[in-house]
Amino acid sequence: MSLRKAINAHCKSCIYDDAEKGTWVKQVENCTVYKCDLYKVRPLTKASKQLIKTTSI
Ligand code: SF4
């Protein structure tokens, strides 16, 4: 398993609740545990990744 897939799986298992609104990626993106070591590398939605790419210098 790649590091990316391992992080994605960990975040999904951490926060995803299928009874809550949004896909697992959206729920992970909305995570507010800023102190988590994985926060900065958590998976994001395609829309957010595109926005970051277009607004980066
Ligand atoms: S970044 Fe958020 S969802 Fe991912 S492991 Fe940390 S606390 Fe859980």
# chains A, B, ... in the order shown; residues from 1 in each chain; ligands from 1
call {"tool": "select_by_dssp", "arguments": {"residues": "chain A", "states": "helix (DSSP H, G or I)", "output": "JSON, numbers by chain"}}
result
{"A": [3, 4, 5, 6, 7, 8, 9, 10, 11, 12, 13, 14, 15, 24, 25, 26, 27, 28, 29, 39, 40, 41, 46, 47, 48, 49, 50, 51, 52, 53, 54, 55]}
call {"tool": "residues_near_ligand", "arguments": {"ligand": "ligand 1", "cutoff": "8 Å", "atoms": "only C-alpha atoms and all ligand atoms", "output": "number ranges by chain"}}
result
A: 7-8, 10-16, 27-29, 31-42
call {"tool": "write_last_selection", "arguments": {"atoms": "N, CA and C atoms", "output": "mmCIF file, in the first residue's frame"}}
result
data_model
loop_
_atom_site.group_PDB
_atom_site.id
_atom_site.type_symbol
_atom_site.label_atom_id
_atom_site.label_comp_id
_atom_site.auth_asym_id
_atom_site.auth_seq_id
_atom_site.Cartn_x
_atom_site.Cartn_y
_atom_site.Cartn_z
ATOM 1 N N ILE A 7 -2.558 6.977 4.223
ATOM 2 C CA ILE A 7 -3.075 8.194 4.875
ATOM 3 C C ILE A 7 -4.568 8.329 4.601
ATOM 4 N N ASN A 8 -4.948 8.123 3.349
ATOM 5 C CA ASN A 8 -6.366 8.228 3.001
ATOM 6 C C ASN A 8 -7.200 7.253 3.833
ATOM 7 N N HIS A 10 -6.441 5.897 6.697
ATOM 8 C CA HIS A 10 -6.437 6.258 8.111
ATOM 9 C C HIS A 10 -7.422 7.394 8.379
ATOM 10 N N CYS A 11 -7.378 8.426 7.550
ATOM 11 C CA CYS A 11 -8.290 9.558 7.735
ATOM 12 C C CYS A 11 -9.743 9.117 7.593
ATOM 13 N N LYS A 12 -9.999 8.285 6.606
ATOM 14 C CA LYS A 12 -11.373 7.808 6.410
ATOM 15 C C LYS A 12 -11.858 7.051 7.635
ATOM 16 N N SER A 13 -11.001 6.176 8.163
ATOM 17 C CA SER A 13 -11.413 5.389 9.335
ATOM 18 C C SER A 13 -11.544 6.266 10.571
ATOM 19 N N CYS A 14 -10.824 7.382 10.575
ATOM 20 C CA CYS A 14 -10.851 8.295 11.711
ATOM 21 C C CYS A 14 -12.147 9.080 11.786
ATOM 22 N N ILE A 15 -12.617 9.597 10.632
ATOM 23 C CA ILE A 15 -13.669 10.605 10.698
ATOM 24 C C ILE A 15 -14.949 10.260 9.943
ATOM 25 N N TYR A 16 -14.866 9.382 8.993
ATOM 26 C CA TYR A 16 -16.032 9.176 8.126
ATOM 27 C C TYR A 16 -17.196 8.525 8.861
ATOM 28 N N GLN A 27 -15.761 14.907 4.194
ATOM 29 C CA GLN A 27 -15.732 14.897 5.662
ATOM 30 C C GLN A 27 -14.306 15.016 6.182
ATOM 31 N N VAL A 28 -13.372 14.359 5.510
ATOM 32 C CA VAL A 28 -11.957 14.482 5.913
ATOM 33 C C VAL A 28 -11.486 15.910 5.658
ATOM 34 N N GLU A 29 -11.838 16.460 4.532
ATOM 35 C CA GLU A 29 -11.440 17.836 4.217
ATOM 36 C C GLU A 29 -11.943 18.801 5.295
ATOM 37 N N CYS A 31 -12.232 18.239 8.364
ATOM 38 C CA CYS A 31 -11.641 17.937 9.667
ATOM 39 C C CYS A 31 -11.071 19.221 10.290
ATOM 40 N N THR A 32 -11.244 19.376 11.558
ATOM 41 C CA THR A 32 -10.748 20.578 12.252
ATOM 42 C C THR A 32 -9.725 20.239 13.343
ATOM 43 N N VAL A 33 -9.189 19.034 13.284
ATOM 44 C CA VAL A 33 -8.179 18.640 14.273
ATOM 45 C C VAL A 33 -6.816 19.130 13.769
ATOM 46 N N TYR A 34 -6.610 20.434 13.883
ATOM 47 C CA TYR A 34 -5.417 21.076 13.325
ATOM 48 C C TYR A 34 -4.119 20.532 13.907
ATOM 49 N N LYS A 35 -4.172 20.019 15.104
ATOM 50 C CA LYS A 35 -2.963 19.501 15.753
ATOM 51 C C LYS A 35 -2.608 18.081 15.319
ATOM 52 N N CYS A 36 -3.475 17.455 14.559
ATOM 53 C CA CYS A 36 -3.183 16.096 14.080
ATOM 54 C C CYS A 36 -1.980 16.145 13.141
ATOM 55 N N ASP A 37 -1.086 15.186 13.277
ATOM 56 C CA ASP A 37 0.103 15.132 12.424
ATOM 57 C C ASP A 37 -0.247 14.950 10.950
ATOM 58 N N LEU A 38 -1.417 14.403 10.677
ATOM 59 C CA LEU A 38 -1.809 14.162 9.282
ATOM 60 C C LEU A 38 -2.636 15.299 8.689
ATOM 61 N N TYR A 39 -2.932 16.303 9.495
ATOM 62 C CA TYR A 39 -3.839 17.362 9.034
ATOM 63 C C TYR A 39 -3.389 17.985 7.710
ATOM 64 N N LYS A 40 -2.115 18.313 7.599
ATOM 65 C CA LYS A 40 -1.623 19.008 6.396
ATOM 66 C C LYS A 40 -1.537 18.095 5.181
ATOM 67 N N VAL A 41 -1.583 16.819 5.398
ATOM 68 C CA VAL A 41 -1.489 15.887 4.266
ATOM 69 C C VAL A 41 -2.777 15.075 4.105
ATOM 70 N N ARG A 42 -3.834 15.476 4.782
ATOM 71 C CA ARG A 42 -5.093 14.747 4.658
ATOM 72 C C ARG A 42 -5.614 14.886 3.225
#
call {"tool": "residues_around", "arguments": {"residues": "Lys26 of chain A", "least_positions_apart": "2", "cutoff": "10 Å", "atoms": "only C-alpha atoms", "output": "list in words"}}
result
Tyr16, Lys21, Gly22, Thr23, Trp24, Val28, Glu29, Asn30, Cys31, Pro43, Leu44, Thr45, Lys46 and Ser48 of chain A
call {"tool": "atom_distance", "arguments": {"atom1": "atom CA of Asp17 of chain A", "atom2": "atom CA of Lys5 of chain A"}}
result
18.8 Å
call {"tool": "decode", "arguments": {"residues": "segment 5-43 of chain A", "atoms": "N, CA and C atoms", "output": "PDB file, in the first residue's frame"}}
result
ATOM      1  N   LYS A   5      -2.250   6.099  -0.033  1.00  0.00           N
ATOM      2  CA  LYS A   5      -3.412   5.248   0.251  1.00  0.00           C
ATOM      3  C   LYS A   5      -3.530   4.970   1.747  1.00  0.00           C
ATOM      4  N   ALA A   6      -2.394   4.827   2.420  1.00  0.00           N
ATOM      5  CA  ALA A   6      -2.418   4.571   3.864  1.00  0.00           C
ATOM      6  C   ALA A   6      -2.980   5.775   4.619  1.00  0.00           C
ATOM      7  N   ILE A   7      -2.558   6.977   4.223  1.00  0.00           N
ATOM      8  CA  ILE A   7      -3.075   8.194   4.875  1.00  0.00           C
ATOM      9  C   ILE A   7      -4.568   8.329   4.601  1.00  0.00           C
ATOM     10  N   ASN A   8      -4.948   8.123   3.349  1.00  0.00           N
ATOM     11  CA  ASN A   8      -6.366   8.228   3.001  1.00  0.00           C
ATOM     12  C   ASN A   8      -7.200   7.253   3.833  1.00  0.00           C
ATOM     13  N   ALA A   9      -6.737   6.021   3.930  1.00  0.00           N
ATOM     14  CA  ALA A   9      -7.471   5.005   4.679  1.00  0.00           C
ATOM     15  C   ALA A   9      -7.548   5.364   6.163  1.00  0.00           C
ATOM     16  N   HIS A  10      -6.441   5.897   6.697  1.00  0.00           N
ATOM     17  CA  HIS A  10      -6.437   6.258   8.111  1.00  0.00           C
ATOM     18  C   HIS A  10      -7.422   7.394   8.379  1.00  0.00           C
ATOM     19  N   CYS A  11      -7.378   8.426   7.550  1.00  0.00           N
ATOM     20  CA  CYS A  11      -8.290   9.558   7.735  1.00  0.00           C
ATOM     21  C   CYS A  11      -9.743   9.117   7.593  1.00  0.00           C
ATOM     22  N   LYS A  12      -9.999   8.285   6.606  1.00  0.00           N
ATOM     23  CA  LYS A  12     -11.373   7.808   6.410  1.00  0.00           C
ATOM     24  C   LYS A  12     -11.858   7.051   7.635  1.00  0.00           C
ATOM     25  N   SER A  13     -11.001   6.176   8.163  1.00  0.00           N
ATOM     26  CA  SER A  13     -11.413   5.389   9.335  1.00  0.00           C
ATOM     27  C   SER A  13     -11.544   6.266  10.571  1.00  0.00           C
ATOM     28  N   CYS A  14     -10.824   7.382  10.575  1.00  0.00           N
ATOM     29  CA  CYS A  14     -10.851   8.295  11.711  1.00  0.00           C
ATOM     30  C   CYS A  14     -12.147   9.080  11.786  1.00  0.00           C
ATOM     31  N   ILE A  15     -12.617   9.597  10.632  1.00  0.00           N
ATOM     32  CA  ILE A  15     -13.669  10.605  10.698  1.00  0.00           C
ATOM     33  C   ILE A  15     -14.949  10.260   9.943  1.00  0.00           C
ATOM     34  N   TYR A  16     -14.866   9.382   8.993  1.00  0.00           N
ATOM     35  CA  TYR A  16     -16.032   9.176   8.126  1.00  0.00           C
ATOM     36  C   TYR A  16     -17.196   8.525   8.861  1.00  0.00           C
ATOM     37  N   ASP A  17     -18.356   9.120   8.672  1.00  0.00           N
ATOM     38  CA  ASP A  17     -19.599   8.593   9.234  1.00  0.00           C
ATOM     39  C   ASP A  17     -20.624   8.605   8.105  1.00  0.00           C
ATOM     40  N   ASP A  18     -21.026   7.425   7.655  1.00  0.00           N
ATOM     41  CA  ASP A  18     -21.942   7.385   6.507  1.00  0.00           C
ATOM     42  C   ASP A  18     -23.329   7.912   6.834  1.00  0.00           C
ATOM     43  N   ALA A  19     -23.600   8.181   8.104  1.00  0.00           N
ATOM     44  CA  ALA A  19     -24.882   8.779   8.481  1.00  0.00           C
ATOM     45  C   ALA A  19     -24.825  10.309   8.385  1.00  0.00           C
ATOM     46  N   GLU A  20     -23.612  10.822   8.217  1.00  0.00           N
ATOM     47  CA  GLU A  20     -23.445  12.281   8.115  1.00  0.00           C
ATOM     48  C   GLU A  20     -23.436  12.709   6.655  1.00  0.00           C
ATOM     49  N   LYS A  21     -23.613  13.998   6.429  1.00  0.00           N
ATOM     50  CA  LYS A  21     -23.662  14.557   5.092  1.00  0.00           C
ATOM     51  C   LYS A  21     -22.262  14.593   4.480  1.00  0.00           C
ATOM     52  N   GLY A  22     -22.194  14.315   3.187  1.00  0.00           N
ATOM     53  CA  GLY A  22     -20.934  14.469   2.454  1.00  0.00           C
ATOM     54  C   GLY A  22     -20.195  13.165   2.254  1.00  0.00           C
ATOM     55  N   THR A  23     -19.361  13.160   1.222  1.00  0.00           N
ATOM     56  CA  THR A  23     -18.526  11.993   0.936  1.00  0.00           C
ATOM     57  C   THR A  23     -17.445  11.872   1.997  1.00  0.00           C
ATOM     58  N   TRP A  24     -16.750  10.734   1.999  1.00  0.00           N
ATOM     59  CA  TRP A  24     -15.683  10.567   3.008  1.00  0.00           C
ATOM     60  C   TRP A  24     -14.586  11.609   2.799  1.00  0.00           C
ATOM     61  N   VAL A  25     -14.293  11.933   1.535  1.00  0.00           N
ATOM     62  CA  VAL A  25     -13.235  12.916   1.286  1.00  0.00           C
ATOM     63  C   VAL A  25     -13.664  14.291   1.797  1.00  0.00           C
ATOM     64  N   LYS A  26     -14.922  14.652   1.567  1.00  0.00           N
ATOM     65  CA  LYS A  26     -15.408  15.948   2.033  1.00  0.00           C
ATOM     66  C   LYS A  26     -15.391  16.014   3.556  1.00  0.00           C
ATOM     67  N   GLN A  27     -15.761  14.907   4.194  1.00  0.00           N
ATOM     68  CA  GLN A  27     -15.732  14.897   5.662  1.00  0.00           C
ATOM     69  C   GLN A  27     -14.306  15.016   6.182  1.00  0.00           C
ATOM     70  N   VAL A  28     -13.372  14.359   5.510  1.00  0.00           N
ATOM     71  CA  VAL A  28     -11.957  14.482   5.913  1.00  0.00           C
ATOM     72  C   VAL A  28     -11.486  15.910   5.658  1.00  0.00           C
ATOM     73  N   GLU A  29     -11.838  16.460   4.532  1.00  0.00           N
ATOM     74  CA  GLU A  29     -11.440  17.836   4.217  1.00  0.00           C
ATOM     75  C   GLU A  29     -11.943  18.801   5.295  1.00  0.00           C
ATOM     76  N   ASN A  30     -13.104  18.548   5.810  1.00  0.00           N
ATOM     77  CA  ASN A  30     -13.696  19.423   6.825  1.00  0.00           C
ATOM     78  C   ASN A  30     -13.167  19.154   8.240  1.00  0.00           C
ATOM     79  N   CYS A  31     -12.232  18.239   8.364  1.00  0.00           N
ATOM     80  CA  CYS A  31     -11.641  17.937   9.667  1.00  0.00           C
ATOM     81  C   CYS A  31     -11.071  19.221  10.290  1.00  0.00           C
ATOM     82  N   THR A  32     -11.244  19.376  11.558  1.00  0.00           N
ATOM     83  CA  THR A  32     -10.748  20.578  12.252  1.00  0.00           C
ATOM     84  C   THR A  32      -9.725  20.239  13.343  1.00  0.00           C
ATOM     85  N   VAL A  33      -9.189  19.034  13.284  1.00  0.00           N
ATOM     86  CA  VAL A  33      -8.179  18.640  14.273  1.00  0.00           C
ATOM     87  C   VAL A  33      -6.816  19.130  13.769  1.00  0.00           C
ATOM     88  N   TYR A  34      -6.610  20.434  13.883  1.00  0.00           N
ATOM     89  CA  TYR A  34      -5.417  21.076  13.325  1.00  0.00           C
ATOM     90  C   TYR A  34      -4.119  20.532  13.907  1.00  0.00           C
ATOM     91  N   LYS A  35      -4.172  20.019  15.104  1.00  0.00           N
ATOM     92  CA  LYS A  35      -2.963  19.501  15.753  1.00  0.00           C
ATOM     93  C   LYS A  35      -2.608  18.081  15.319  1.00  0.00           C
ATOM     94  N   CYS A  36      -3.475  17.455  14.559  1.00  0.00           N
ATOM     95  CA  CYS A  36      -3.183  16.096  14.080  1.00  0.00           C
ATOM     96  C   CYS A  36      -1.980  16.145  13.141  1.00  0.00           C
ATOM     97  N   ASP A  37      -1.086  15.186  13.277  1.00  0.00           N
ATOM     98  CA  ASP A  37       0.103  15.132  12.424  1.00  0.00           C
ATOM     99  C   ASP A  37      -0.247  14.950  10.950  1.00  0.00           C
ATOM    100  N   LEU A  38      -1.417  14.403  10.677  1.00  0.00           N
ATOM    101  CA  LEU A  38      -1.809  14.162   9.282  1.00  0.00           C
ATOM    102  C   LEU A  38      -2.636  15.299   8.689  1.00  0.00           C
ATOM    103  N   TYR A  39      -2.932  16.303   9.495  1.00  0.00           N
ATOM    104  CA  TYR A  39      -3.839  17.362   9.034  1.00  0.00           C
ATOM    105  C   TYR A  39      -3.389  17.985   7.710  1.00  0.00           C
ATOM    106  N   LYS A  40      -2.115  18.313   7.599  1.00  0.00           N
ATOM    107  CA  LYS A  40      -1.623  19.008   6.396  1.00  0.00           C
ATOM    108  C   LYS A  40      -1.537  18.095   5.181  1.00  0.00           C
ATOM    109  N   VAL A  41      -1.583  16.819   5.398  1.00  0.00           N
ATOM    110  CA  VAL A  41      -1.489  15.887   4.266  1.00  0.00           C
ATOM    111  C   VAL A  41      -2.777  15.075   4.105  1.00  0.00           C
ATOM    112  N   ARG A  42      -3.834  15.476   4.782  1.00  0.00           N
ATOM    113  CA  ARG A  42      -5.093  14.747   4.658  1.00  0.00           C
ATOM    114  C   ARG A  42      -5.614  14.886   3.225  1.00  0.00           C
ATOM    115  N   PRO A  43      -6.377  13.908   2.759  1.00  0.00           N
ATOM    116  CA  PRO A  43      -6.914  13.999   1.404  1.00  0.00           C
ATOM    117  C   PRO A  43      -7.911  15.146   1.292  1.00  0.00           C
TER     118      PRO A  43
END
